[in-house]
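Novice: model.cif (mmCIF, C-alpha atoms, pLDDT in the B column; chains and numbers go by the auth columns) pasted underneath:
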```
data_target
#
loop_
_atom_site.group_PDB
_atom_site.id
_atom_site.type_symbol
_atom_site.label_atom_id
_atom_site.label_comp_id
_atom_site.label_asym_id
_atom_site.label_seq_id
_atom_site.Cartn_x
_atom_site.Cartn_y
_atom_site.Cartn_z
_atom_site.B_iso_or_equiv
_atom_site.auth_seq_id
_atom_site.auth_asym_id
ATOM 1 C CA MET A 1 55.884 95.264 -47.565 67.00 1 A
ATOM 2 C CA SER A 2 52.499 95.371 -49.196 90.00 2 A
ATOM 3 C CA THR A 3 50.435 92.269 -49.739 95.00 3 A
ATOM 4 C CA LEU A 4 48.012 91.376 -52.493 97.00 4 A
ATOM 5 C CA THR A 5 44.929 89.846 -50.891 97.00 5 A
ATOM 6 C CA LYS A 6 41.691 88.484 -52.261 96.00 6 A
ATOM 7 C CA THR A 7 40.182 91.982 -52.155 96.00 7 A
ATOM 8 C CA GLY A 8 43.057 93.267 -54.267 97.00 8 A
ATOM 9 C CA ILE A 9 42.655 90.450 -56.778 97.00 9 A
ATOM 10 C CA VAL A 10 38.907 91.173 -57.062 97.00 10 A
ATOM 11 C CA GLU A 11 39.704 94.840 -57.690 97.00 11 A
ATOM 12 C CA GLU A 12 42.210 93.915 -60.406 97.00 12 A
ATOM 13 C CA VAL A 13 39.607 91.660 -62.032 97.00 13 A
ATOM 14 C CA THR A 14 37.070 94.522 -62.164 97.00 14 A
ATOM 15 C CA LEU A 15 39.715 96.783 -63.733 97.00 15 A
ATOM 16 C CA ARG A 16 40.953 94.223 -66.258 97.00 16 A
ATOM 17 C CA THR A 17 37.615 92.725 -67.304 96.00 17 A
ATOM 18 C CA GLY A 18 35.031 95.428 -66.632 95.00 18 A
ATOM 19 C CA LEU A 19 33.046 93.078 -64.378 96.00 19 A
ATOM 20 C CA SER A 20 31.056 94.592 -61.508 97.00 20 A
ATOM 21 C CA HIS A 21 32.487 94.237 -58.027 97.00 21 A
ATOM 22 C CA LYS A 22 29.810 91.701 -57.167 97.00 22 A
ATOM 23 C CA ASP A 23 30.415 89.542 -60.253 97.00 23 A
ATOM 24 C CA ALA A 24 34.199 89.741 -59.849 97.00 24 A
ATOM 25 C CA THR A 25 33.925 88.641 -56.212 97.00 25 A
ATOM 26 C CA ASN A 26 31.754 85.713 -57.230 97.00 26 A
ATOM 27 C CA ALA A 27 34.141 84.771 -60.044 97.00 27 A
ATOM 28 C CA VAL A 28 37.229 84.869 -57.800 97.00 28 A
ATOM 29 C CA GLU A 29 35.505 82.797 -55.084 96.00 29 A
ATOM 30 C CA THR A 30 34.372 80.224 -57.650 97.00 30 A
ATOM 31 C CA PHE A 31 37.857 80.111 -59.190 97.00 31 A
ATOM 32 C CA ILE A 32 39.459 79.425 -55.786 96.00 32 A
ATOM 33 C CA GLU A 33 36.877 76.776 -54.946 96.00 33 A
ATOM 34 C CA ILE A 34 37.489 74.933 -58.248 97.00 34 A
ATOM 35 C CA ILE A 35 41.225 74.698 -57.563 97.00 35 A
ATOM 36 C CA LYS A 36 40.682 73.677 -53.936 95.00 36 A
ATOM 37 C CA ASN A 37 38.236 70.959 -54.954 95.00 37 A
ATOM 38 C CA ARG A 38 40.696 69.414 -57.384 96.00 38 A
ATOM 39 C CA LEU A 39 43.488 69.413 -54.817 95.00 39 A
ATOM 40 C CA GLU A 40 41.137 67.960 -52.244 93.00 40 A
ATOM 41 C CA ARG A 41 40.563 65.039 -54.599 93.00 41 A
ATOM 42 C CA GLY A 42 44.332 64.614 -54.828 93.00 42 A
ATOM 43 C CA GLU A 43 44.536 65.879 -58.405 96.00 43 A
ATOM 44 C CA PRO A 44 47.325 68.201 -59.545 97.00 44 A
ATOM 45 C CA VAL A 45 46.493 71.634 -60.939 98.00 45 A
ATOM 46 C CA SER A 46 48.864 72.829 -63.612 97.00 46 A
ATOM 47 C CA ILE A 47 48.767 76.360 -65.019 97.00 47 A
ATOM 48 C CA SER A 48 51.070 76.956 -67.966 95.00 48 A
ATOM 49 C CA GLY A 49 53.262 80.012 -67.500 95.00 49 A
ATOM 50 C CA PHE A 50 52.520 80.062 -63.776 97.00 50 A
ATOM 51 C CA GLY A 51 53.176 76.824 -61.972 97.00 51 A
ATOM 52 C CA LYS A 52 51.800 73.566 -60.675 97.00 52 A
ATOM 53 C CA TRP A 53 50.177 72.498 -57.425 97.00 53 A
ATOM 54 C CA LYS A 54 50.563 68.876 -56.454 96.00 54 A
ATOM 55 C CA VAL A 55 49.280 66.788 -53.597 95.00 55 A
ATOM 56 C CA ARG A 56 51.907 64.537 -52.105 94.00 56 A
ATOM 57 C CA ASP A 57 51.529 61.685 -49.670 91.00 57 A
ATOM 58 C CA LYS A 58 53.812 61.730 -46.691 90.00 58 A
ATOM 59 C CA ALA A 59 54.506 58.519 -44.835 90.00 59 A
ATOM 60 C CA ALA A 60 54.198 58.277 -41.074 89.00 60 A
ATOM 61 C CA ARG A 61 57.395 59.058 -39.224 91.00 61 A
ATOM 62 C CA LYS A 62 58.736 59.311 -35.734 91.00 62 A
ATOM 63 C CA GLY A 63 59.053 62.724 -34.273 89.00 63 A
ATOM 64 C CA ARG A 64 59.669 64.267 -30.917 90.00 64 A
ATOM 65 C CA ASN A 65 57.772 66.819 -28.944 88.00 65 A
ATOM 66 C CA PRO A 66 60.481 69.464 -28.666 88.00 66 A
ATOM 67 C CA GLN A 67 59.112 70.686 -25.347 89.00 67 A
ATOM 68 C CA THR A 68 58.853 67.403 -23.474 89.00 68 A
ATOM 69 C CA GLY A 69 61.304 65.317 -25.480 86.00 69 A
ATOM 70 C CA GLN A 70 58.659 62.621 -25.736 90.00 70 A
ATOM 71 C CA GLU A 71 58.712 60.501 -28.860 90.00 71 A
ATOM 72 C CA ILE A 72 55.592 60.666 -30.944 90.00 72 A
ATOM 73 C CA ILE A 73 54.473 59.135 -34.198 89.00 73 A
ATOM 74 C CA ILE A 74 53.538 61.657 -36.819 88.00 74 A
ATOM 75 C CA PRO A 75 50.706 60.051 -38.789 88.00 75 A
ATOM 76 C CA PRO A 76 50.762 59.788 -42.589 90.00 76 A
ATOM 77 C CA ARG A 77 49.392 62.947 -44.161 90.00 77 A
ATOM 78 C CA ARG A 78 48.998 64.795 -47.399 93.00 78 A
ATOM 79 C CA VAL A 79 50.720 68.040 -48.234 93.00 79 A
ATOM 80 C CA ILE A 80 50.348 70.488 -51.079 95.00 80 A
ATOM 81 C CA THR A 81 53.449 71.570 -52.930 95.00 81 A
ATOM 82 C CA PHE A 82 53.834 74.250 -55.570 97.00 82 A
ATOM 83 C CA SER A 83 56.471 74.350 -58.242 96.00 83 A
ATOM 84 C CA LEU A 84 57.077 77.504 -60.213 96.00 84 A
ATOM 85 C CA SER A 85 56.913 77.310 -64.004 96.00 85 A
ATOM 86 C CA ASN A 86 60.253 77.838 -65.721 95.00 86 A
ATOM 87 C CA VAL A 87 58.736 80.638 -67.794 95.00 87 A
ATOM 88 C CA LEU A 88 57.643 82.555 -64.708 95.00 88 A
ATOM 89 C CA ARG A 89 60.924 81.793 -62.935 93.00 89 A
ATOM 90 C CA ALA A 90 62.796 83.367 -65.847 92.00 90 A
ATOM 91 C CA ARG A 91 60.485 86.393 -65.848 92.00 91 A
ATOM 92 C CA LEU A 92 60.956 86.935 -62.116 90.00 92 A
ATOM 93 C CA SER A 93 64.716 86.400 -62.225 85.00 93 A
ATOM 94 C CA LYS A 94 65.330 89.499 -64.315 73.00 94 A
ATOM 95 C CA MET B 1 43.615 69.907 -64.260 96.00 1 B
ATOM 96 C CA ASN B 2 45.234 72.338 -66.647 97.00 2 B
ATOM 97 C CA LYS B 3 44.453 75.958 -67.436 97.00 3 B
ATOM 98 C CA SER B 4 41.907 75.347 -70.209 97.00 4 B
ATOM 99 C CA GLU B 5 40.051 72.829 -68.023 98.00 5 B
ATOM 100 C CA LEU B 6 39.987 75.416 -65.256 98.00 6 B
ATOM 101 C CA ILE B 7 38.556 77.997 -67.669 98.00 7 B
ATOM 102 C CA ASP B 8 35.992 75.450 -68.900 98.00 8 B
ATOM 103 C CA GLU B 9 34.895 74.664 -65.377 98.00 9 B
ATOM 104 C CA LEU B 10 34.642 78.350 -64.448 98.00 10 B
ATOM 105 C CA SER B 11 32.571 79.152 -67.540 98.00 11 B
ATOM 106 C CA ARG B 12 30.220 76.267 -66.712 98.00 12 B
ATOM 107 C CA GLN B 13 29.815 77.147 -63.042 98.00 13 B
ATOM 108 C CA LEU B 14 29.261 80.849 -63.695 97.00 14 B
ATOM 109 C CA ASP B 15 27.259 80.198 -66.859 97.00 15 B
ATOM 110 C CA ILE B 16 29.374 82.594 -68.927 97.00 16 B
ATOM 111 C CA PRO B 17 31.083 82.135 -72.324 97.00 17 B
ATOM 112 C CA TYR B 18 34.532 80.464 -72.408 97.00 18 B
ATOM 113 C CA LYS B 19 36.095 83.694 -73.679 97.00 19 B
ATOM 114 C CA LYS B 20 34.859 85.652 -70.700 97.00 20 B
ATOM 115 C CA ALA B 21 36.045 83.001 -68.238 97.00 21 B
ATOM 116 C CA ASP B 22 39.424 83.027 -70.018 97.00 22 B
ATOM 117 C CA LYS B 23 39.668 86.779 -69.479 97.00 23 B
ATOM 118 C CA ILE B 24 38.853 86.395 -65.776 98.00 24 B
ATOM 119 C CA VAL B 25 41.405 83.611 -65.235 98.00 25 B
ATOM 120 C CA ASN B 26 44.079 85.654 -67.006 97.00 26 B
ATOM 121 C CA ALA B 27 43.178 88.715 -64.924 97.00 27 B
ATOM 122 C CA ILE B 28 43.579 86.696 -61.714 98.00 28 B
ATOM 123 C CA PHE B 29 46.932 85.124 -62.598 97.00 29 B
ATOM 124 C CA GLY B 30 48.066 88.400 -64.195 97.00 30 B
ATOM 125 C CA SER B 31 47.417 90.353 -61.015 97.00 31 B
ATOM 126 C CA ILE B 32 49.266 87.725 -58.967 97.00 32 B
ATOM 127 C CA VAL B 33 52.268 87.728 -61.309 97.00 33 B
ATOM 128 C CA ASP B 34 52.375 91.549 -61.320 96.00 34 B
ATOM 129 C CA ALA B 35 52.451 91.545 -57.512 96.00 35 B
ATOM 130 C CA MET B 36 55.262 88.959 -57.535 95.00 36 B
ATOM 131 C CA LYS B 37 57.250 91.124 -59.958 94.00 37 B
ATOM 132 C CA LYS B 38 57.048 93.956 -57.440 93.00 38 B
ATOM 133 C CA GLY B 39 58.226 91.589 -54.719 91.00 39 B
ATOM 134 C CA GLU B 40 54.868 91.644 -52.975 94.00 40 B
ATOM 135 C CA ARG B 41 53.355 88.827 -50.957 95.00 41 B
ATOM 136 C CA VAL B 42 50.110 87.301 -52.176 97.00 42 B
ATOM 137 C CA GLU B 43 47.691 85.999 -49.587 96.00 43 B
ATOM 138 C CA VAL B 44 44.389 84.272 -50.260 94.00 44 B
ATOM 139 C CA ARG B 45 42.583 83.293 -47.070 89.00 45 B
ATOM 140 C CA GLY B 46 41.818 79.608 -46.838 83.00 46 B
ATOM 141 C CA PHE B 47 43.849 78.808 -49.917 92.00 47 B
ATOM 142 C CA GLY B 48 47.389 79.859 -49.225 95.00 48 B
ATOM 143 C CA SER B 49 50.028 82.477 -49.694 96.00 49 B
ATOM 144 C CA PHE B 50 53.024 83.196 -51.869 96.00 50 B
ATOM 145 C CA VAL B 51 55.942 84.675 -50.012 95.00 51 B
ATOM 146 C CA MET B 52 58.871 86.078 -51.947 92.00 52 B
ATOM 147 C CA ARG B 53 62.248 84.670 -50.968 90.00 53 B
ATOM 148 C CA ASP B 54 65.365 86.620 -51.799 88.00 54 B
ATOM 149 C CA TYR B 55 68.420 84.998 -53.322 88.00 55 B
ATOM 150 C CA LEU B 56 71.865 86.566 -53.314 90.00 56 B
ATOM 151 C CA PRO B 57 73.836 86.799 -56.536 89.00 57 B
ATOM 152 C CA TYR B 58 76.382 84.032 -57.067 89.00 58 B
ATOM 153 C CA ILE B 59 78.821 82.760 -59.639 91.00 59 B
ATOM 154 C CA GLY B 60 77.443 79.629 -61.186 88.00 60 B
ATOM 155 C CA ARG B 61 78.792 77.271 -63.743 90.00 61 B
ATOM 156 C CA ASN B 62 77.279 75.828 -66.835 86.00 62 B
ATOM 157 C CA PRO B 63 77.471 72.140 -65.983 87.00 63 B
ATOM 158 C CA LYS B 64 77.976 71.164 -69.625 89.00 64 B
ATOM 159 C CA SER B 65 80.699 73.568 -70.700 89.00 65 B
ATOM 160 C CA GLY B 66 82.124 74.396 -67.281 86.00 66 B
ATOM 161 C CA GLU B 67 81.854 78.047 -68.204 90.00 67 B
ATOM 162 C CA LYS B 68 81.445 80.537 -65.335 90.00 68 B
ATOM 163 C CA ILE B 69 78.261 82.565 -65.286 87.00 69 B
ATOM 164 C CA GLN B 70 77.190 85.392 -63.029 87.00 70 B
ATOM 165 C CA VAL B 71 73.756 84.657 -61.558 85.00 71 B
ATOM 166 C CA LYS B 72 71.998 87.828 -60.465 86.00 72 B
ATOM 167 C CA ALA B 73 70.142 88.382 -57.196 86.00 73 B
ATOM 168 C CA LYS B 74 66.503 87.456 -57.497 86.00 74 B
ATOM 169 C CA SER B 75 63.415 86.880 -55.449 88.00 75 B
ATOM 170 C CA LEU B 76 61.151 83.929 -56.135 92.00 76 B
ATOM 171 C CA PRO B 77 57.766 82.994 -54.719 95.00 77 B
ATOM 172 C CA PHE B 78 57.212 80.146 -52.281 96.00 78 B
ATOM 173 C CA PHE B 79 53.756 78.750 -51.729 96.00 79 B
ATOM 174 C CA LYS B 80 52.421 77.888 -48.309 96.00 80 B
ATOM 175 C CA ALA B 81 49.049 76.162 -48.201 95.00 81 B
ATOM 176 C CA GLY B 82 46.411 77.742 -45.964 93.00 82 B
ATOM 177 C CA LYS B 83 44.822 75.950 -43.042 91.00 83 B
ATOM 178 C CA ASP B 84 41.472 75.266 -44.705 90.00 84 B
ATOM 179 C CA ILE B 85 42.973 73.556 -47.753 91.00 85 B
ATOM 180 C CA ARG B 86 45.537 71.680 -45.637 91.00 86 B
ATOM 181 C CA ASP B 87 42.694 70.251 -43.561 90.00 87 B
ATOM 182 C CA ARG B 88 40.517 69.473 -46.563 90.00 88 B
ATOM 183 C CA VAL B 89 43.291 67.639 -48.384 90.00 89 B
ATOM 184 C CA ASN B 90 43.738 65.449 -45.318 87.00 90 B
ATOM 185 C CA SER B 91 40.110 64.766 -44.514 81.00 91 B
ATOM 186 C CA LYS B 92 39.566 62.668 -47.662 57.00 92 B
ATOM 187 C CA ARG B 93 42.397 60.204 -47.190 53.00 93 B
#
```
Taking this structure as input, can you express it in the form of structure tokens?

Specialist:
Amino acid sequence: MSTLTKTGIVEEVTLRTGLSHKDATNAVETFIEIIKNRLERGEPVSISGFGKWKVRDKAARKGRNPQTGQEIIIPPRRVITFSLSNVLRARLSK
Amino acid sequence: MNKSELIDELSRQLDIPYKKADKIVNAIFGSIVDAMKKGERVEVRGFGSFVMRDYLPYIGRNPKSGEKIQVKAKSLPFFKAGKDIRDRVNSKR
């Protein structure tokens, strides 16, 4: 199955906005960095009609190394979750 | 941060008018949504990927009326954060 990568997104931006390849690349990189920075600070990013990224805190928990069976403590960590907007869900469910 | 704040920030960082930044943001999300509609994966290095998961059709029920409804097969995107962002989110705790 084909995959849309950053290169593909840049190409779409040049086609849809008329920006040069260089400017579109810069714009896409800046766009990604803005979103990453917000998430890094623990802030949610919510895009209407698309979805929402959230940073969630996970408590420490006990786990087990499946290979050795040894018990280990998994330290508290942060994870990023994404929830799909209902509008997009409906559009993709057709 | 919401979409208009994202557009604001992009227009400031690139030193372009809001309208132009709006067009760029819509082009980016538009291209992603179009790929999803075709059932394609979307992968942005360092940020994350959207993988389409397929759901079989099933007979559901309206929980209010109890009425049976046929739910069609569909595929919906699931987001998996990339390594760079996973690490960055954890480094600031």

Novice: Written as an MDAnalysis selection string, what is the full residue list that the PyMOL selection byres ((chain A) within 7 of (chain B)) yields on the file shown?

Specialist: chainID A and resid 1:6 9 12:13 16:17 31 36 39:40 44:48 77:80 82 92:93

Novice: Quick check, in Å to one decimal: how far apart do atom CA of A:Gly18 and atom CA of A:Leu88 lie?

Specialist: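 So the answer is 26.1 Å.
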
Novice: For a test of reading the model, state the distance in Å between atom CA of A:Val87 and atom CA of A:Arg41, rounded to one decimal.

Specialist: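 That distance, rounded to one decimal, is 27.3 Å.
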
Novice: If I take atom CA of B:Gly66 and atom CA of A:Asn86, how far is one from the other in Å, to one decimal?

Specialist: 22.2 Å

Novice: Padding 8 Å on every side, please: axis-aligned box over the listed atoms of stretch 33-38 of chain B, centre and edge lengths to one decimal in Å, as JSON.

Specialist:
```
{"center_x": 54.8, "center_y": 90.8, "center_z": -59.4, "size_x": 21.0, "size_y": 22.2, "size_z": 19.9}
```

Novice: Restricting the calculation to all atoms listed in the file, which member of A:Gly69, A:Gly63, A:Gly49, A:Gly42 is positioned closest to A:Thr81?

Specialist: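 Smallest separation from A:Thr81 among the options: A:Gly42.
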
Novice: For a quick check of understanding, using all atoms listed in the file, which of A:Lys52, A:Ala59, A:Ser83, A:Ile34 has the smallest distance to B:Asp8?

Specialist: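 With all atoms listed in the file as the atom set, the closest residue is A:Ile34.
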
Novice: Evaluate the PyMOL selection byres ((chain B and resi 60) around 8) and record the selected residues as a PDB file with C-alpha atoms, keeping the file's coordinate frame, following the chain and residue labels used in the document.

Specialist:
```pdb
ATOM      1  CA  TYR B  58      76.382  84.032 -57.067  1.00 89.00           C
ATOM      2  CA  ILE B  59      78.821  82.760 -59.639  1.00 91.00           C
ATOM      3  CA  ARG B  61      78.792  77.271 -63.743  1.00 90.00           C
ATOM      4  CA  ASN B  62      77.279  75.828 -66.835  1.00 86.00           C
ATOM      5  CA  LYS B  68      81.445  80.537 -65.335  1.00 90.00           C
ATOM      6  CA  ILE B  69      78.261  82.565 -65.286  1.00 87.00           C
ATOM      7  CA  GLN B  70      77.190  85.392 -63.029  1.00 87.00           C
ATOM      8  CA  VAL B  71      73.756  84.657 -61.558  1.00 85.00           C
TER       9      VAL B  71
END
```

Novice: Need to verify the contact set: A:Glu71, 12 Å, all atoms listed in the file, exclusion of same-chain residues closer than 6 positions in sequence. Can you return it as a list in words?

Specialist: Arg61, Lys62, Gly63, Arg64 and Asn65 of chain A
